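The structure file data_25.cif is reproduced below (mmCIF, N, CA and C atoms).
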```
data_model
#
loop_
_atom_site.label_atom_id
_atom_site.label_comp_id
_atom_site.auth_asym_id
_atom_site.auth_seq_id
_atom_site.Cartn_x
_atom_site.Cartn_y
_atom_site.Cartn_z
N MET A 1414 17.24 -16.15 1.99
CA MET A 1414 16.68 -16.38 3.31
C MET A 1414 15.22 -15.94 3.29
N SER A 1415 14.37 -16.76 3.81
CA SER A 1415 12.95 -16.45 3.89
C SER A 1415 12.71 -15.42 5.00
N VAL A 1416 11.67 -14.62 4.84
CA VAL A 1416 11.29 -13.65 5.88
C VAL A 1416 11.00 -14.38 7.19
N PHE A 1417 10.49 -15.61 7.09
CA PHE A 1417 10.13 -16.37 8.29
C PHE A 1417 11.36 -16.89 9.03
N ASP A 1418 12.51 -16.96 8.35
CA ASP A 1418 13.74 -17.44 8.97
C ASP A 1418 14.53 -16.31 9.64
N ARG A 1419 14.08 -15.09 9.50
CA ARG A 1419 14.79 -13.94 10.05
C ARG A 1419 14.48 -13.77 11.54
N PRO A 1420 15.44 -13.24 12.30
CA PRO A 1420 15.13 -12.90 13.69
C PRO A 1420 14.04 -11.82 13.72
N TYR A 1421 13.22 -11.82 14.75
CA TYR A 1421 12.09 -10.89 14.82
C TYR A 1421 12.53 -9.43 14.82
N ASP A 1422 13.74 -9.13 15.29
CA ASP A 1422 14.19 -7.73 15.37
C ASP A 1422 15.06 -7.33 14.18
N ASP A 1423 15.18 -8.18 13.16
CA ASP A 1423 15.95 -7.88 11.96
C ASP A 1423 15.01 -7.25 10.94
N PRO A 1424 15.15 -5.94 10.64
CA PRO A 1424 14.19 -5.28 9.75
C PRO A 1424 14.31 -5.77 8.30
N VAL A 1425 13.19 -5.76 7.61
CA VAL A 1425 13.16 -6.05 6.18
C VAL A 1425 13.24 -4.71 5.47
N ARG A 1426 14.22 -4.55 4.59
CA ARG A 1426 14.43 -3.25 3.93
C ARG A 1426 14.26 -3.35 2.43
N VAL A 1427 13.80 -2.25 1.87
CA VAL A 1427 13.70 -2.11 0.43
C VAL A 1427 14.77 -1.13 -0.05
N LEU A 1428 15.06 -0.12 0.77
CA LEU A 1428 16.09 0.88 0.47
C LEU A 1428 17.10 0.91 1.60
N ASP A 1429 18.37 1.17 1.25
CA ASP A 1429 19.38 1.33 2.29
C ASP A 1429 19.43 2.79 2.75
N GLU A 1430 20.37 3.12 3.61
CA GLU A 1430 20.45 4.47 4.18
C GLU A 1430 20.67 5.56 3.12
N GLU A 1431 21.30 5.21 1.99
CA GLU A 1431 21.56 6.19 0.91
C GLU A 1431 20.45 6.23 -0.13
N GLY A 1432 19.42 5.39 0.03
CA GLY A 1432 18.30 5.38 -0.90
C GLY A 1432 18.47 4.42 -2.06
N ALA A 1433 19.53 3.58 -2.02
CA ALA A 1433 19.74 2.59 -3.07
C ALA A 1433 18.87 1.37 -2.79
N VAL A 1434 18.43 0.71 -3.86
CA VAL A 1434 17.56 -0.45 -3.74
C VAL A 1434 18.35 -1.63 -3.17
N VAL A 1435 17.75 -2.30 -2.21
CA VAL A 1435 18.34 -3.50 -1.61
C VAL A 1435 17.62 -4.70 -2.22
N GLY A 1436 18.36 -5.63 -2.80
CA GLY A 1436 17.74 -6.81 -3.39
C GLY A 1436 17.38 -6.58 -4.85
N ASP A 1437 16.45 -7.39 -5.34
CA ASP A 1437 16.05 -7.33 -6.75
C ASP A 1437 14.95 -6.30 -6.96
N VAL A 1438 15.05 -5.57 -8.05
CA VAL A 1438 14.03 -4.59 -8.42
C VAL A 1438 12.95 -5.31 -9.22
N PRO A 1439 11.68 -5.15 -8.84
CA PRO A 1439 10.61 -5.81 -9.60
C PRO A 1439 10.56 -5.29 -11.04
N ASP A 1440 10.17 -6.15 -11.94
CA ASP A 1440 10.06 -5.78 -13.35
C ASP A 1440 8.69 -5.15 -13.59
N VAL A 1441 8.61 -3.84 -13.33
CA VAL A 1441 7.35 -3.10 -13.48
C VAL A 1441 7.63 -1.90 -14.37
N ASP A 1442 6.83 -1.73 -15.42
CA ASP A 1442 7.06 -0.62 -16.34
C ASP A 1442 6.60 0.70 -15.73
N ASP A 1443 7.07 1.80 -16.32
CA ASP A 1443 6.77 3.14 -15.79
C ASP A 1443 5.28 3.44 -15.77
N GLU A 1444 4.55 3.01 -16.78
CA GLU A 1444 3.11 3.27 -16.84
C GLU A 1444 2.39 2.61 -15.66
N THR A 1445 2.78 1.40 -15.32
CA THR A 1445 2.17 0.70 -14.19
C THR A 1445 2.52 1.39 -12.88
N LEU A 1446 3.77 1.84 -12.74
CA LEU A 1446 4.16 2.55 -11.53
C LEU A 1446 3.38 3.84 -11.35
N VAL A 1447 3.17 4.58 -12.42
CA VAL A 1447 2.39 5.82 -12.35
C VAL A 1447 0.94 5.50 -11.99
N ASP A 1448 0.40 4.42 -12.54
CA ASP A 1448 -0.98 4.03 -12.22
C ASP A 1448 -1.10 3.64 -10.75
N ILE A 1449 -0.13 2.92 -10.22
CA ILE A 1449 -0.15 2.54 -8.80
C ILE A 1449 -0.08 3.80 -7.94
N TYR A 1450 0.78 4.74 -8.31
CA TYR A 1450 0.89 5.99 -7.55
C TYR A 1450 -0.43 6.76 -7.60
N ARG A 1451 -1.06 6.80 -8.76
CA ARG A 1451 -2.35 7.50 -8.91
C ARG A 1451 -3.40 6.86 -8.00
N GLN A 1452 -3.42 5.54 -7.94
CA GLN A 1452 -4.37 4.85 -7.08
C GLN A 1452 -4.09 5.13 -5.60
N MET A 1453 -2.82 5.24 -5.23
CA MET A 1453 -2.49 5.56 -3.85
C MET A 1453 -2.96 6.97 -3.49
N ARG A 1454 -2.82 7.92 -4.41
CA ARG A 1454 -3.30 9.28 -4.18
C ARG A 1454 -4.82 9.30 -4.06
N LEU A 1455 -5.50 8.53 -4.91
CA LEU A 1455 -6.95 8.44 -4.86
C LEU A 1455 -7.40 7.84 -3.53
N ALA A 1456 -6.71 6.81 -3.07
CA ALA A 1456 -7.05 6.19 -1.79
C ALA A 1456 -6.89 7.18 -0.64
N ARG A 1457 -5.85 7.99 -0.68
CA ARG A 1457 -5.64 8.99 0.37
C ARG A 1457 -6.73 10.05 0.33
N HIS A 1458 -7.12 10.49 -0.87
CA HIS A 1458 -8.18 11.49 -1.01
C HIS A 1458 -9.51 10.93 -0.50
N PHE A 1459 -9.84 9.71 -0.90
CA PHE A 1459 -11.06 9.08 -0.43
C PHE A 1459 -11.04 8.94 1.09
N ASP A 1460 -9.90 8.55 1.63
CA ASP A 1460 -9.78 8.35 3.07
C ASP A 1460 -10.02 9.66 3.82
N ALA A 1461 -9.44 10.75 3.34
CA ALA A 1461 -9.63 12.04 4.01
C ALA A 1461 -11.11 12.43 3.99
N ARG A 1462 -11.76 12.21 2.87
CA ARG A 1462 -13.19 12.54 2.76
C ARG A 1462 -14.03 11.66 3.69
N ALA A 1463 -13.74 10.37 3.71
CA ALA A 1463 -14.51 9.45 4.54
C ALA A 1463 -14.32 9.74 6.03
N VAL A 1464 -13.10 10.06 6.44
CA VAL A 1464 -12.85 10.39 7.85
C VAL A 1464 -13.62 11.66 8.21
N SER A 1465 -13.61 12.64 7.31
CA SER A 1465 -14.34 13.87 7.55
C SER A 1465 -15.84 13.61 7.72
N LEU A 1466 -16.41 12.81 6.84
CA LEU A 1466 -17.83 12.48 6.93
C LEU A 1466 -18.14 11.71 8.21
N GLN A 1467 -17.25 10.80 8.59
CA GLN A 1467 -17.46 10.01 9.80
C GLN A 1467 -17.43 10.91 11.03
N ARG A 1468 -16.53 11.86 11.06
CA ARG A 1468 -16.43 12.76 12.22
C ARG A 1468 -17.59 13.74 12.30
N GLN A 1469 -18.23 13.99 11.17
CA GLN A 1469 -19.41 14.85 11.17
C GLN A 1469 -20.67 14.06 11.52
N GLY A 1470 -20.55 12.77 11.66
CA GLY A 1470 -21.70 11.93 11.96
C GLY A 1470 -22.53 11.61 10.74
N ARG A 1471 -21.99 11.87 9.55
CA ARG A 1471 -22.73 11.63 8.31
C ARG A 1471 -22.39 10.27 7.69
N MET A 1472 -21.53 9.52 8.36
CA MET A 1472 -21.12 8.21 7.87
C MET A 1472 -20.85 7.33 9.08
N GLY A 1473 -21.14 6.05 8.94
CA GLY A 1473 -20.90 5.13 10.05
C GLY A 1473 -19.42 4.98 10.35
N THR A 1474 -19.09 4.04 11.17
CA THR A 1474 -17.70 3.80 11.55
C THR A 1474 -16.84 3.58 10.33
N TYR A 1475 -15.68 4.22 10.32
CA TYR A 1475 -14.77 4.10 9.19
C TYR A 1475 -13.35 3.96 9.73
N PRO A 1476 -12.65 2.88 9.40
CA PRO A 1476 -11.26 2.74 9.84
C PRO A 1476 -10.34 3.51 8.90
N PRO A 1477 -9.59 4.50 9.38
CA PRO A 1477 -8.71 5.29 8.51
C PRO A 1477 -7.66 4.44 7.80
N LEU A 1478 -7.32 4.85 6.60
CA LEU A 1478 -6.36 4.15 5.75
C LEU A 1478 -5.05 4.94 5.62
N SER A 1479 -5.04 6.17 6.03
CA SER A 1479 -3.89 7.06 5.84
C SER A 1479 -2.60 6.44 6.35
N GLY A 1480 -1.59 6.44 5.49
CA GLY A 1480 -0.30 5.85 5.81
C GLY A 1480 -0.21 4.39 5.43
N GLN A 1481 -1.30 3.79 5.03
CA GLN A 1481 -1.34 2.37 4.69
C GLN A 1481 -1.65 2.15 3.20
N GLU A 1482 -1.68 3.23 2.43
CA GLU A 1482 -2.08 3.13 1.03
C GLU A 1482 -1.20 2.15 0.25
N GLY A 1483 0.09 2.20 0.50
CA GLY A 1483 1.01 1.33 -0.24
C GLY A 1483 0.73 -0.14 -0.01
N ALA A 1484 0.39 -0.49 1.22
CA ALA A 1484 0.09 -1.90 1.53
C ALA A 1484 -1.17 -2.35 0.80
N GLN A 1485 -2.18 -1.49 0.81
CA GLN A 1485 -3.45 -1.87 0.19
C GLN A 1485 -3.36 -1.88 -1.34
N VAL A 1486 -2.87 -0.79 -1.91
CA VAL A 1486 -2.80 -0.68 -3.36
C VAL A 1486 -1.75 -1.64 -3.92
N GLY A 1487 -0.61 -1.76 -3.24
CA GLY A 1487 0.44 -2.66 -3.69
C GLY A 1487 -0.01 -4.11 -3.70
N SER A 1488 -0.74 -4.51 -2.67
CA SER A 1488 -1.26 -5.88 -2.62
C SER A 1488 -2.22 -6.14 -3.77
N ALA A 1489 -3.09 -5.17 -4.04
CA ALA A 1489 -4.04 -5.33 -5.14
C ALA A 1489 -3.33 -5.33 -6.49
N ALA A 1490 -2.27 -4.53 -6.63
CA ALA A 1490 -1.54 -4.47 -7.89
C ALA A 1490 -0.82 -5.79 -8.20
N ALA A 1491 -0.48 -6.54 -7.16
CA ALA A 1491 0.23 -7.81 -7.35
C ALA A 1491 -0.70 -8.95 -7.75
N LEU A 1492 -2.01 -8.73 -7.68
CA LEU A 1492 -2.96 -9.79 -8.02
C LEU A 1492 -3.02 -10.04 -9.53
N GLY A 1493 -3.19 -11.27 -9.90
CA GLY A 1493 -3.39 -11.64 -11.29
C GLY A 1493 -4.87 -11.67 -11.64
N GLU A 1494 -5.18 -11.83 -12.90
CA GLU A 1494 -6.58 -11.84 -13.32
C GLU A 1494 -7.37 -13.01 -12.74
N ASP A 1495 -6.71 -14.12 -12.47
CA ASP A 1495 -7.40 -15.30 -11.94
C ASP A 1495 -7.31 -15.41 -10.42
N ASP A 1496 -6.70 -14.43 -9.76
CA ASP A 1496 -6.58 -14.48 -8.30
C ASP A 1496 -7.88 -14.08 -7.62
N TRP A 1497 -8.09 -14.61 -6.45
CA TRP A 1497 -9.26 -14.31 -5.63
C TRP A 1497 -8.81 -13.63 -4.36
N VAL A 1498 -9.63 -12.73 -3.82
CA VAL A 1498 -9.37 -12.11 -2.54
C VAL A 1498 -10.58 -12.39 -1.66
N VAL A 1499 -10.32 -12.95 -0.49
CA VAL A 1499 -11.39 -13.27 0.45
C VAL A 1499 -11.07 -12.61 1.78
N PRO A 1500 -11.92 -11.69 2.24
CA PRO A 1500 -11.62 -11.01 3.51
C PRO A 1500 -11.78 -11.95 4.70
#
```
As a first step, turn the structure in this file into structure tokens.
Amino acid sequence: MSVFDRPYDDPVRVLDEEGAVVGDVPDVDDETLVDIYRQMRLARHFDARAVSLQRQGRMGTYPPLSGQEGAQVGSAAALGEDDWVVP
């Protein structure tokens, strides 16, 4: 079933209540997973620093990223070498 065919109030899950994976597990090696985690930690560190600078008036407007690292880093990790990203 496509995500678009689901009722709006039916949640999309990756883990069930016991923490078991729901659906297919992506074929990603451990080294790549560690690299993705490292990038998420770096994004959070950068975000904390940027928010601090913005609140001190030393940096222009900055939209916080905290809590959204997985969406940003995960999306970038799924890109291929020939893929383009256009904001």
Open item on the list: Given all atoms listed in the file as the basis, pick out the residue of A:Asp1418, A:Glu1482, A:Glu1494, A:Asp1423 nearest to Met1453 (chain A).
Closed with: A:Glu1482
To box region 1476-1489 of chain A, take all atoms listed in the file, fit an axis-aligned box, add 8 Å on each side, and give centre and edge lengths in Å to one decimal, as AutoDock Vina command-line options.
```
--center_x -5.8 --center_y 0.5 --center_z 1.7 --size_x 29.7 --size_y 29.2 --size_z 32.3
```
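Excluding Asp1460 (chain A) itself and any same-chain residue fewer than 3 positions from it, the protein and nucleic acid residues within 7 Å of it, counting only N, CA and C atoms, are Leu1455, Ala1456, Arg1457, Ala1463, Val1464, Ser1465, Pro1477, Leu1478 and Ser1479 of chain A.
From atom C of Gly1436 (chain A) back to CA of Pro1424 (chain A), the distance works out to 15.0 Å.
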Task: Interatomic distance, atom C of Val1499 (chain A) to atom N of Gln1481 (chain A) (Å, one decimal) - done: 19.4 Å
Task: Which of region 1415-1487 of chain A fall in alpha helix (DSSP H), as an MDAnalysis selection string - done: chainID A and resid 1443:1468 1482:1487
Open item on the list: Could you tell me how far CA of Val1447 (chain A) sits from CA of Gly1432 (chain A), in Å to one decimal place?
Closed with: 19.6 Å
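Each of A:Leu1428, A:Ala1433, A:Tyr1421, A:Gly1487 was compared to Ile1449 (chain A) using only N, CA and C atoms, and A:Gly1487 turns out to be the nearest.
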